[in-house]
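Everything below belongs to run.cif, which stores mmCIF, C-alpha atoms and all ligand atoms.
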data_input
loop_
_atom_site.label_atom_id
_atom_site.label_comp_id
_atom_site.auth_asym_id
_atom_site.auth_seq_id
_atom_site.Cartn_x
_atom_site.Cartn_y
_atom_site.Cartn_z
CA MET A 1 79.71 108.50 94.18
CA LYS A 2 77.71 111.70 94.70
CA ILE A 3 79.17 113.87 97.45
CA ASP A 4 78.16 117.10 99.16
CA CYS A 5 81.60 118.43 100.17
CA HIS A 6 80.43 121.16 102.55
CA VAL A 7 78.07 120.37 105.43
CA HIS A 8 78.35 121.75 108.96
CA LEU A 9 78.13 120.08 112.30
CA VAL A 10 76.29 122.58 114.44
CA GLY A 11 77.43 121.07 117.69
CA THR A 12 77.35 122.57 121.11
CA SER A 13 78.47 119.55 123.07
CA GLU A 14 82.00 119.88 124.46
CA LYS A 15 82.37 116.16 124.98
CA HIS A 16 84.93 115.63 122.21
CA GLY A 17 86.69 118.97 122.62
CA SER A 18 84.35 121.26 120.68
CA TYR A 19 83.57 124.73 121.97
CA VAL A 20 81.08 127.48 121.13
CA ALA A 21 81.69 130.87 122.74
CA PRO A 22 78.75 132.05 124.86
CA ARG A 23 78.45 135.19 122.68
CA LEU A 24 77.90 132.97 119.63
CA LEU A 25 75.40 130.77 121.48
CA ARG A 26 73.38 133.91 122.25
CA SER A 27 73.57 135.22 118.66
CA VAL A 28 70.45 135.56 116.51
CA ALA A 29 71.95 133.28 113.81
CA PHE A 30 72.59 130.46 116.27
CA ARG A 31 69.17 130.77 117.91
CA TYR A 32 67.53 130.78 114.50
CA LEU A 33 69.36 127.61 113.44
CA THR A 34 68.45 125.85 116.69
CA TRP A 35 64.81 126.80 116.21
CA ARG A 36 64.82 125.97 112.49
CA HIS A 37 66.00 122.43 113.20
CA GLY A 38 63.49 121.79 115.94
CA LEU A 39 66.11 121.79 118.70
CA ALA A 40 65.05 124.92 120.55
CA GLY A 41 63.51 123.21 123.58
CA ILE A 42 66.33 120.74 124.18
CA ASP A 43 68.67 121.92 126.91
CA ASP A 44 71.18 119.07 126.97
CA PRO A 45 73.90 120.00 124.41
CA LEU A 46 74.86 116.35 123.86
CA GLU A 47 71.28 115.39 123.06
CA ARG A 48 70.87 118.45 120.82
CA GLU A 49 73.96 117.46 118.85
CA ARG A 50 72.84 113.83 118.61
CA LEU A 51 69.41 114.82 117.26
CA TYR A 52 70.94 117.25 114.78
CA LEU A 53 73.19 114.49 113.46
CA VAL A 54 70.36 111.94 113.23
CA ARG A 55 68.28 114.45 111.26
CA LEU A 56 71.19 115.34 108.98
CA ALA A 57 72.02 111.66 108.38
CA ASN A 58 68.35 111.03 107.49
CA LEU A 59 68.45 113.92 105.01
CA VAL A 60 71.55 112.46 103.32
CA GLU A 61 69.90 109.04 103.23
CA ALA A 62 66.68 110.42 101.70
CA SER A 63 68.58 112.41 99.06
CA GLU A 64 70.42 111.18 95.98
CA LEU A 65 73.74 111.81 97.77
CA ASP A 66 76.00 108.94 98.70
CA ARG A 67 77.88 110.91 101.35
CA ALA A 68 78.19 114.40 102.84
CA VAL A 69 81.48 115.76 104.17
CA LEU A 70 80.87 116.87 107.75
CA LEU A 71 83.22 119.69 108.62
CA ALA A 72 85.26 120.33 111.72
CA PHE A 73 86.42 123.85 112.49
CA ASP A 74 89.62 124.48 114.39
CA GLY A 75 90.10 127.25 116.96
CA VAL A 76 92.49 130.20 117.20
CA TYR A 77 96.03 129.59 118.50
CA THR A 78 98.53 131.73 120.41
CA ALA A 79 101.93 132.81 119.07
CA THR A 80 103.40 129.67 120.66
CA GLY A 81 100.82 127.43 118.99
CA GLN A 82 98.57 126.71 121.98
CA LEU A 83 94.76 126.88 121.77
CA ASP A 84 93.67 130.45 122.52
CA LYS A 85 90.21 129.87 123.93
CA PRO A 86 89.34 133.52 124.70
CA ARG A 87 89.88 134.42 121.03
CA THR A 88 88.13 131.29 119.71
CA GLY A 89 84.52 131.91 118.71
CA LEU A 90 83.82 128.39 117.49
CA MET A 91 85.69 125.14 117.59
CA ILE A 92 84.22 121.96 116.16
CA ALA A 93 86.82 119.41 117.18
CA ASN A 94 88.15 116.79 114.79
CA ASP A 95 87.16 114.18 117.37
CA SER A 96 83.53 115.41 117.37
CA VAL A 97 83.39 114.90 113.61
CA ALA A 98 85.24 111.58 113.75
CA HIS A 99 82.74 110.40 116.35
CA ALA A 100 79.77 111.50 114.19
CA CYS A 101 81.27 109.70 111.18
CA ARG A 102 81.68 106.50 113.18
CA LYS A 103 78.01 106.76 114.25
CA HIS A 104 76.79 107.40 110.68
CA PRO A 105 79.40 105.74 108.44
CA ASN A 106 77.03 105.39 105.47
CA GLN A 107 76.14 109.07 105.37
CA PHE A 108 79.16 111.12 106.44
CA LEU A 109 82.78 111.57 105.44
CA MET A 110 85.18 113.31 107.79
CA GLY A 111 86.18 116.89 106.94
CA ALA A 112 88.93 117.75 109.42
CA SER A 113 90.21 121.19 110.35
CA VAL A 114 93.78 121.86 111.47
CA ASN A 115 94.90 125.43 112.03
CA PRO A 116 98.46 125.62 110.58
CA THR A 117 99.54 127.85 113.49
CA ARG A 118 99.06 125.13 116.10
CA ALA A 119 102.27 123.70 117.50
CA ASP A 120 101.29 120.12 116.63
CA ALA A 121 99.81 120.93 113.19
CA ILE A 122 101.77 118.31 111.20
CA ASP A 123 101.13 115.58 113.79
CA GLU A 124 97.45 116.48 113.80
CA LEU A 125 97.30 116.24 110.00
CA GLU A 126 98.74 112.74 110.20
CA ARG A 127 96.31 111.82 112.97
CA VAL A 128 93.20 113.04 111.09
CA ALA A 129 94.38 111.23 107.96
CA ARG A 130 94.53 108.02 110.01
CA LEU A 131 91.01 108.78 111.32
CA GLY A 132 89.75 108.83 107.73
CA ALA A 133 89.63 112.56 106.94
CA VAL A 134 89.01 113.29 103.25
CA LEU A 135 89.86 117.00 103.32
CA VAL A 136 90.93 119.80 105.67
CA LYS A 137 88.80 122.92 106.13
CA LEU A 138 90.48 126.28 106.76
CA LEU A 139 89.23 129.83 107.19
CA PRO A 140 92.28 132.13 107.26
CA ASN A 141 90.22 135.24 108.20
CA SER A 142 89.02 133.60 111.43
CA HIS A 143 91.89 131.17 112.01
CA GLY A 144 94.29 134.11 111.91
CA PHE A 145 96.97 132.86 109.50
CA ASP A 146 98.32 133.96 106.16
CA PRO A 147 98.37 131.03 103.69
CA ALA A 148 101.17 132.78 101.76
CA ASN A 149 103.50 132.82 104.79
CA LYS A 150 106.60 130.68 104.08
CA ARG A 151 106.35 129.27 107.58
CA PHE A 152 103.36 127.17 106.49
CA ARG A 153 104.95 125.58 103.40
CA PRO A 154 105.72 122.28 105.22
CA TYR A 155 102.09 122.19 106.36
CA PHE A 156 100.72 122.53 102.83
CA ARG A 157 103.32 120.11 101.44
CA LYS A 158 102.13 117.62 104.07
CA LEU A 159 98.53 118.02 102.87
CA ALA A 160 99.67 117.24 99.32
CA GLU A 161 101.66 114.23 100.55
CA LEU A 162 98.61 112.90 102.43
CA ASN A 163 96.38 113.51 99.37
CA LEU A 164 94.17 115.77 101.43
CA PRO A 165 92.64 118.70 99.56
CA ALA A 166 92.36 121.95 101.51
CA LEU A 167 88.84 123.39 101.53
CA ILE A 168 89.64 127.05 102.07
CA HIS A 169 87.12 129.80 102.67
CA CYS A 170 88.21 132.93 100.83
CA GLY A 171 86.67 136.33 100.50
CA TYR A 172 84.72 138.05 103.21
CA GLU A 173 83.64 136.11 106.32
CA HIS A 174 80.14 137.07 107.45
CA THR A 175 79.21 134.57 110.16
CA LEU A 176 82.11 133.85 112.49
CA PRO A 177 84.35 136.17 114.55
CA VAL A 178 87.17 137.45 112.34
CA ILE A 179 90.80 138.26 113.13
CA ASP A 180 91.68 139.86 109.78
CA GLN A 181 89.47 139.94 106.66
CA ALA A 182 92.52 140.64 104.46
CA LEU A 183 93.74 137.08 105.10
CA GLY A 184 90.88 135.85 102.89
CA ASP A 185 92.41 137.35 99.75
CA PRO A 186 92.47 134.54 97.12
CA ASP A 187 95.88 135.77 95.90
CA ARG A 188 97.37 134.51 99.17
CA LEU A 189 96.65 130.97 97.97
CA ARG A 190 99.14 131.15 95.10
CA PRO A 191 102.11 129.68 97.04
CA VAL A 192 99.82 126.90 98.36
CA LEU A 193 98.75 125.99 94.83
CA GLU A 194 102.34 126.22 93.62
CA ALA A 195 103.32 123.73 96.36
CA GLY A 196 101.03 121.21 94.62
CA THR A 197 98.25 121.15 97.23
CA THR A 198 94.76 120.66 95.82
CA VAL A 199 92.66 123.61 96.92
CA ILE A 200 88.88 123.81 96.86
CA VAL A 201 87.93 127.44 97.34
CA ALA A 202 84.67 127.56 99.31
CA HIS A 203 81.78 129.57 97.83
CA VAL A 204 83.98 130.19 94.74
CA GLY A 205 85.86 132.84 96.70
CA SER A 206 82.89 135.20 96.52
CA ALA A 207 82.53 138.11 98.88
CA GLY A 208 78.73 137.96 99.25
CA LEU A 209 76.11 140.68 99.26
CA PHE A 210 77.63 143.10 101.77
CA HIS A 211 81.35 143.48 101.46
CA LEU A 212 84.11 146.01 101.05
CA ARG A 213 86.10 144.26 98.32
CA GLU A 214 84.97 141.74 95.71
CA THR A 215 87.22 138.69 95.53
CA PHE A 216 85.40 136.48 93.00
CA GLY A 217 87.43 137.79 90.03
CA ARG A 218 90.71 136.91 91.77
CA PHE A 219 89.42 133.39 92.42
CA LEU A 220 88.66 133.06 88.68
CA GLN A 221 92.24 134.09 87.92
CA LEU A 222 93.49 131.31 90.20
CA LEU A 223 91.23 128.84 88.41
CA ASN A 224 92.64 129.96 85.09
CA ARG A 225 96.25 129.65 86.24
CA TYR A 226 96.32 126.53 88.45
CA PRO A 227 94.84 123.15 87.41
CA ASN A 228 94.85 122.02 91.08
CA CYS A 229 92.42 124.82 92.03
CA TYR A 230 88.69 124.11 92.30
CA GLY A 231 85.67 125.97 93.59
CA ASP A 232 82.84 124.69 95.73
CA ILE A 233 79.39 125.93 94.78
CA SER A 234 78.10 125.78 98.33
CA ALA A 235 75.77 128.53 99.59
CA LEU A 236 75.33 129.80 96.03
CA THR A 237 71.61 129.05 96.16
CA ASN A 238 71.34 131.46 99.09
CA LEU A 239 70.16 135.00 98.38
CA TRP A 240 73.53 136.47 99.44
CA ARG A 241 75.54 134.58 96.86
CA ALA A 242 72.98 133.76 94.13
CA LYS A 243 74.51 136.23 91.67
CA TYR A 244 77.75 134.25 91.53
CA LEU A 245 75.96 131.08 90.46
CA LYS A 246 74.20 133.04 87.71
CA GLN A 247 77.56 134.42 86.56
CA LEU A 248 79.26 131.00 86.62
CA LEU A 249 76.50 129.60 84.45
CA ASN A 250 77.09 132.32 81.89
CA PRO A 251 80.76 132.27 80.77
CA ASN A 252 80.11 135.39 78.63
CA THR A 253 79.54 137.33 81.86
CA LEU A 254 82.83 136.06 83.26
CA GLN A 255 84.59 137.29 80.15
CA ARG A 256 82.80 140.63 80.14
CA LYS A 257 82.92 141.39 83.86
CA TYR A 258 86.23 139.87 84.88
CA GLY A 259 88.09 139.56 81.57
CA ILE A 260 88.56 135.82 82.06
CA ASP A 261 87.92 133.27 79.37
CA LEU A 262 86.78 130.09 81.12
CA PRO A 263 84.22 128.48 78.79
CA ASP A 264 84.26 125.22 80.76
CA VAL A 265 84.27 126.76 84.24
CA MET A 266 81.74 124.23 85.61
CA SER A 267 84.25 121.42 85.00
CA ARG A 268 86.20 122.87 87.96
CA MET A 269 83.23 123.15 90.33
CA VAL A 270 82.53 120.76 93.19
CA HIS A 271 79.08 120.34 94.68
CA GLY A 272 78.46 121.49 98.24
CA SER A 273 75.43 122.86 100.07
CA ASP A 274 76.79 124.64 103.18
CA PHE A 275 73.93 123.09 105.16
CA PRO A 276 72.33 124.45 107.37
CA ILE A 277 72.63 127.77 105.49
CA PRO A 278 69.13 128.39 104.06
CA ILE A 279 68.31 128.12 100.36
CA THR A 280 66.47 130.95 98.56
CA PRO A 281 64.74 129.65 95.39
CA LEU A 282 63.13 133.10 94.98
CA ALA A 283 66.58 134.54 94.28
CA PHE A 284 66.27 132.79 90.89
CA VAL A 285 62.80 134.05 90.09
CA GLU A 286 63.74 135.07 86.54
CA ARG A 287 65.10 131.61 85.71
CA THR A 288 62.50 129.35 87.32
CA SER A 289 58.73 129.11 87.17
CA TRP A 290 56.47 129.26 90.18
CA ARG A 291 55.59 125.60 89.59
CA GLN A 292 59.26 124.58 89.51
CA ARG A 293 60.05 126.44 92.73
CA ARG A 294 57.05 124.89 94.42
CA SER A 295 58.15 121.39 93.43
CA LEU A 296 61.54 121.85 95.11
CA ASN A 297 60.23 121.32 98.62
CA CYS A 298 63.18 122.83 100.46
CA GLY A 299 61.44 122.41 103.80
CA ARG A 300 61.37 118.63 103.50
CA ASN A 301 64.93 118.03 102.37
CA PRO A 302 67.24 121.04 101.95
CA LEU A 303 70.13 118.85 100.73
CA GLN A 304 68.08 117.47 97.84
CA CYS A 305 66.47 120.87 97.24
CA ASP A 306 69.91 122.43 96.77
CA ILE A 307 70.77 119.76 94.16
CA ASP A 308 67.39 120.07 92.39
CA LEU A 309 67.53 123.86 92.23
CA LYS A 310 71.09 123.82 90.84
CA ARG A 311 70.09 121.20 88.26
CA LEU A 312 67.12 123.34 87.26
CA LEU A 313 69.44 126.29 86.75
CA GLY A 314 71.77 124.25 84.52
CA VAL A 315 74.51 123.07 86.90
CA PRO A 316 75.83 119.86 85.28
CA ASP A 317 75.62 116.60 87.24
CA HIS A 318 79.38 116.01 87.04
CA CYS A 319 79.75 118.62 89.82
CA LEU A 320 78.11 116.07 92.13
CA THR A 321 80.63 113.33 91.39
CA ARG A 322 83.78 115.45 90.94
CA ALA A 323 84.79 115.28 94.63
CA HIS A 324 84.99 111.51 94.29
CA ASP A 325 86.00 110.98 90.66
CA GLU A 326 88.59 113.72 90.32
CA LEU A 327 89.63 114.61 93.88
CA GLY A 328 89.47 111.13 95.35
CA LEU A 329 87.16 111.88 98.29
CA GLY A 330 85.66 108.69 99.67
CA ARG A 331 87.72 106.43 97.38
CA HIS A 332 88.67 104.33 100.40
CA LEU A 333 85.04 103.15 100.38
CA ASP A 334 85.10 101.96 96.79
CA ASN A 335 85.78 98.32 97.52
CA GLY A 336 82.38 97.62 98.94
CA ASN A 337 82.85 99.13 102.41
ZN ZN G 401 80.31 126.68 105.35
#
Let's see the structure in the file written out as structure tokens.
Ligand SMILES: [Zn+2]
Amino acid sequence: MKIDCHVHLVGTSEKHGSYVAPRLLRSVAFRYLTWRHGLAGIDDPLERERLYLVRLANLVEASELDRAVLLAFDGVYTATGQLDKPRTGLMIANDSVAHACRKHPNQFLMGASVNPTRADAIDELERVARLGAVLVKLLPNSHGFDPANKRFRPYFRKLAELNLPALIHCGYEHTLPVIDQALGDPDRLRPVLEAGTTVIVAHVGSAGLFHLRETFGRFLQLLNRYPNCYGDISALTNLWRAKYLKQLLNPNTLQRKYGIDLPDVMSRMVHGSDFPIPITPLAFVERTSWRQRRSLNCGRNPLQCDIDLKRLLGVPDHCLTRAHDELGLGRHLDNGN
């Protein structure tokens, strides 16, 4: 089964408990995305979300993917574990994603999000597992928690017990409101990995184009040390992160630049696109011909374009099936469902 493990629900409907702060709704990035997906003139948030999902489901269907993991995104919580709406920039509720997955069961898998600081975190993990979640997405920088804090050990042990990998964004966060960038340090994942939880580090822990501290090297050290650590190659076809894909595809660079010997690094990579983040084929101008870039047709189907471009660059096809074959995502569908 070919899976894209990192696709976003850009929802603005609050029907199932989601929330987008007005300041984010007014942001250039959000307005651009709404325009880019032909949703600019639609005022009803519920209808906008429905159309976005129909379009996304059609893109999955028209691609070689079998499923895409649609991601929830939990809010910020107070010291007593209650939702802190004023400090929450974006919340894509688990129920919004569960609802979308029920509507499009042949295209989407549920990627839940449960902030470990919420008072009912363990109960919520059990609930999303019952709803069919295949992983749990976390962004410590914006969720405001330290993965290394002992307090969260039971949470991460629970993830391992439920066979739910944690998809954790490390490095610098560029898009969403941040509480503390230091919480994205990959080294803070060591206790989580030692607890036996499978961790997929989003965007291979890279910092991106504009950042204060590079974190990619520390992600590579985790990969070297822990067999239950993986990286997702989402957003690496975007201009901001293209250099990391080039480095991954050249193990000599990893050795030279970061002093890490990982000749088979791609065998630990999981395919993801980070849709609707745009793809920049021109960022690979030295490795692709004009004719090849033209044939990609990113405008028609960005999900397939992301796969085609990566294939062109030498990303092996086993990255597409690893989420299913090695991490067990979507295995509950294997018996003909
Ligand atoms: Zn993302």
Quick one: which chain A residues come within 7 Å of ligand ZN 401 (chain G), and what is the nearest atom pair for each with the distance in Å to one decimal, counting all atoms listed in the file, rows ordered by chain and ascending number, as a Markdown table?
| residue | atom | partner | partner_atom | distance |
| --- | --- | --- | --- | --- |
| A:His6 | CA | G:ZN401 | ZN | 6.2 |
| A:Val7 | CA | G:ZN401 | ZN | 6.7 |
| A:His8 | CA | G:ZN401 | ZN | 6.4 |
| A:Asp274 | CA | G:ZN401 | ZN | 4.6 |
Write out as a PDB file with C-alpha atoms, in the frame of the given file which residues come within 12 Å of range 146-159 of chain A when counting all atoms listed in the file, dropping same-chain ones fewer than 3 positions away.
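Saved result, part.pdb, follows:
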ATOM      1  CA  ALA A 112      88.930 117.750 109.420  1.00  0.00           C
ATOM      2  CA  SER A 113      90.210 121.190 110.350  1.00  0.00           C
ATOM      3  CA  VAL A 114      93.780 121.860 111.470  1.00  0.00           C
ATOM      4  CA  ASN A 115      94.900 125.430 112.030  1.00  0.00           C
ATOM      5  CA  PRO A 116      98.460 125.620 110.580  1.00  0.00           C
ATOM      6  CA  THR A 117      99.540 127.850 113.490  1.00  0.00           C
ATOM      7  CA  ARG A 118      99.060 125.130 116.100  1.00  0.00           C
ATOM      8  CA  ALA A 119     102.270 123.700 117.500  1.00  0.00           C
ATOM      9  CA  ASP A 120     101.290 120.120 116.630  1.00  0.00           C
ATOM     10  CA  ALA A 121      99.810 120.930 113.190  1.00  0.00           C
ATOM     11  CA  ILE A 122     101.770 118.310 111.200  1.00  0.00           C
ATOM     12  CA  ASP A 123     101.130 115.580 113.790  1.00  0.00           C
ATOM     13  CA  GLU A 124      97.450 116.480 113.800  1.00  0.00           C
ATOM     14  CA  LEU A 125      97.300 116.240 110.000  1.00  0.00           C
ATOM     15  CA  GLU A 126      98.740 112.740 110.200  1.00  0.00           C
ATOM     16  CA  VAL A 128      93.200 113.040 111.090  1.00  0.00           C
ATOM     17  CA  ALA A 129      94.380 111.230 107.960  1.00  0.00           C
ATOM     18  CA  ALA A 133      89.630 112.560 106.940  1.00  0.00           C
ATOM     19  CA  VAL A 134      89.010 113.290 103.250  1.00  0.00           C
ATOM     20  CA  LEU A 135      89.860 117.000 103.320  1.00  0.00           C
ATOM     21  CA  VAL A 136      90.930 119.800 105.670  1.00  0.00           C
ATOM     22  CA  LYS A 137      88.800 122.920 106.130  1.00  0.00           C
ATOM     23  CA  LEU A 138      90.480 126.280 106.760  1.00  0.00           C
ATOM     24  CA  LEU A 139      89.230 129.830 107.190  1.00  0.00           C
ATOM     25  CA  PRO A 140      92.280 132.130 107.260  1.00  0.00           C
ATOM     26  CA  ASN A 141      90.220 135.240 108.200  1.00  0.00           C
ATOM     27  CA  SER A 142      89.020 133.600 111.430  1.00  0.00           C
ATOM     28  CA  HIS A 143      91.890 131.170 112.010  1.00  0.00           C
ATOM     29  CA  LEU A 162      98.610 112.900 102.430  1.00  0.00           C
ATOM     30  CA  ASN A 163      96.380 113.510  99.370  1.00  0.00           C
ATOM     31  CA  LEU A 164      94.170 115.770 101.430  1.00  0.00           C
ATOM     32  CA  PRO A 165      92.640 118.700  99.560  1.00  0.00           C
ATOM     33  CA  ALA A 166      92.360 121.950 101.510  1.00  0.00           C
ATOM     34  CA  LEU A 167      88.840 123.390 101.530  1.00  0.00           C
ATOM     35  CA  ILE A 168      89.640 127.050 102.070  1.00  0.00           C
ATOM     36  CA  HIS A 169      87.120 129.800 102.670  1.00  0.00           C
ATOM     37  CA  CYS A 170      88.210 132.930 100.830  1.00  0.00           C
ATOM     38  CA  ILE A 179      90.800 138.260 113.130  1.00  0.00           C
ATOM     39  CA  ASP A 180      91.680 139.860 109.780  1.00  0.00           C
ATOM     40  CA  GLN A 181      89.470 139.940 106.660  1.00  0.00           C
ATOM     41  CA  ALA A 182      92.520 140.640 104.460  1.00  0.00           C
ATOM     42  CA  LEU A 183      93.740 137.080 105.100  1.00  0.00           C
ATOM     43  CA  GLY A 184      90.880 135.850 102.890  1.00  0.00           C
ATOM     44  CA  ASP A 185      92.410 137.350  99.750  1.00  0.00           C
ATOM     45  CA  PRO A 186      92.470 134.540  97.120  1.00  0.00           C
ATOM     46  CA  ASP A 187      95.880 135.770  95.900  1.00  0.00           C
ATOM     47  CA  ARG A 188      97.370 134.510  99.170  1.00  0.00           C
ATOM     48  CA  LEU A 189      96.650 130.970  97.970  1.00  0.00           C
ATOM     49  CA  ARG A 190      99.140 131.150  95.100  1.00  0.00           C
ATOM     50  CA  PRO A 191     102.110 129.680  97.040  1.00  0.00           C
ATOM     51  CA  VAL A 192      99.820 126.900  98.360  1.00  0.00           C
ATOM     52  CA  LEU A 193      98.750 125.990  94.830  1.00  0.00           C
ATOM     53  CA  GLU A 194     102.340 126.220  93.620  1.00  0.00           C
ATOM     54  CA  ALA A 195     103.320 123.730  96.360  1.00  0.00           C
ATOM     55  CA  GLY A 196     101.030 121.210  94.620  1.00  0.00           C
ATOM     56  CA  THR A 197      98.250 121.150  97.230  1.00  0.00           C
ATOM     57  CA  THR A 198      94.760 120.660  95.820  1.00  0.00           C
ATOM     58  CA  VAL A 199      92.660 123.610  96.920  1.00  0.00           C
TER      59      VAL A 199
END
Query raised in the report: Closest to Cys298 in chain A among A:Ile3, A:Leu59, A:Val285, A:Leu176, using only C-alpha atoms?
Result: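 Answer, going by the shortest atom-to-atom distance: A:Leu59.
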Requested in this report: Return the single residue from A:Glu214, A:Asp317, A:Asp44, A:Asp308 that is closest to Thr288 in chain A, with distances computed using all atoms listed in the file.
Outcome: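 Between A:Glu214, A:Asp317, A:Asp44, A:Asp308, the residue approaching Thr288 in chain A most closely is A:Asp308.
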Query raised in the report: Which is closest to Val60 in chain A among A:Leu109, A:Leu333, A:Ala29, A:Leu327, if we use only C-alpha atoms?
Result: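 Checking each of A:Leu109, A:Leu333, A:Ala29, A:Leu327 against Val60 in chain A, counting only C-alpha atoms, the winner is A:Leu109.
Counting all atoms listed in the file, the residue from A:Ser18, A:Asn106, A:Asn301, A:Gln247 that sits nearest to Ile92 in chain A is A:Ser18.
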Requested in this report: Mind giving me the straight-line distance from CA of Asp325 in chain A to CA of Ile200 in chain A in Å, one decimal?
Outcome: 14.5 Å
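We find CA of Arg213 in chain A and CA of Ala323 in chain A to be spaced 29.2 Å apart.
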Query raised in the report: Smallest atom-to-atom distance to Asp95 in chain A: which of A:Gly171, A:Leu70, A:Arg130, A:Gly17, using all atoms listed in the file?
Result: A:Gly17
Query - Residue among A:Gly272, A:Gly89, A:Gly132, A:Gly259 lying closest to Val201 in chain A, counting all atoms listed in the file - result: A:Gly272
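Taking CA of Ala202 in chain A and CA of Asp232 in chain A as the two end points, the separation is 4.9 Å.
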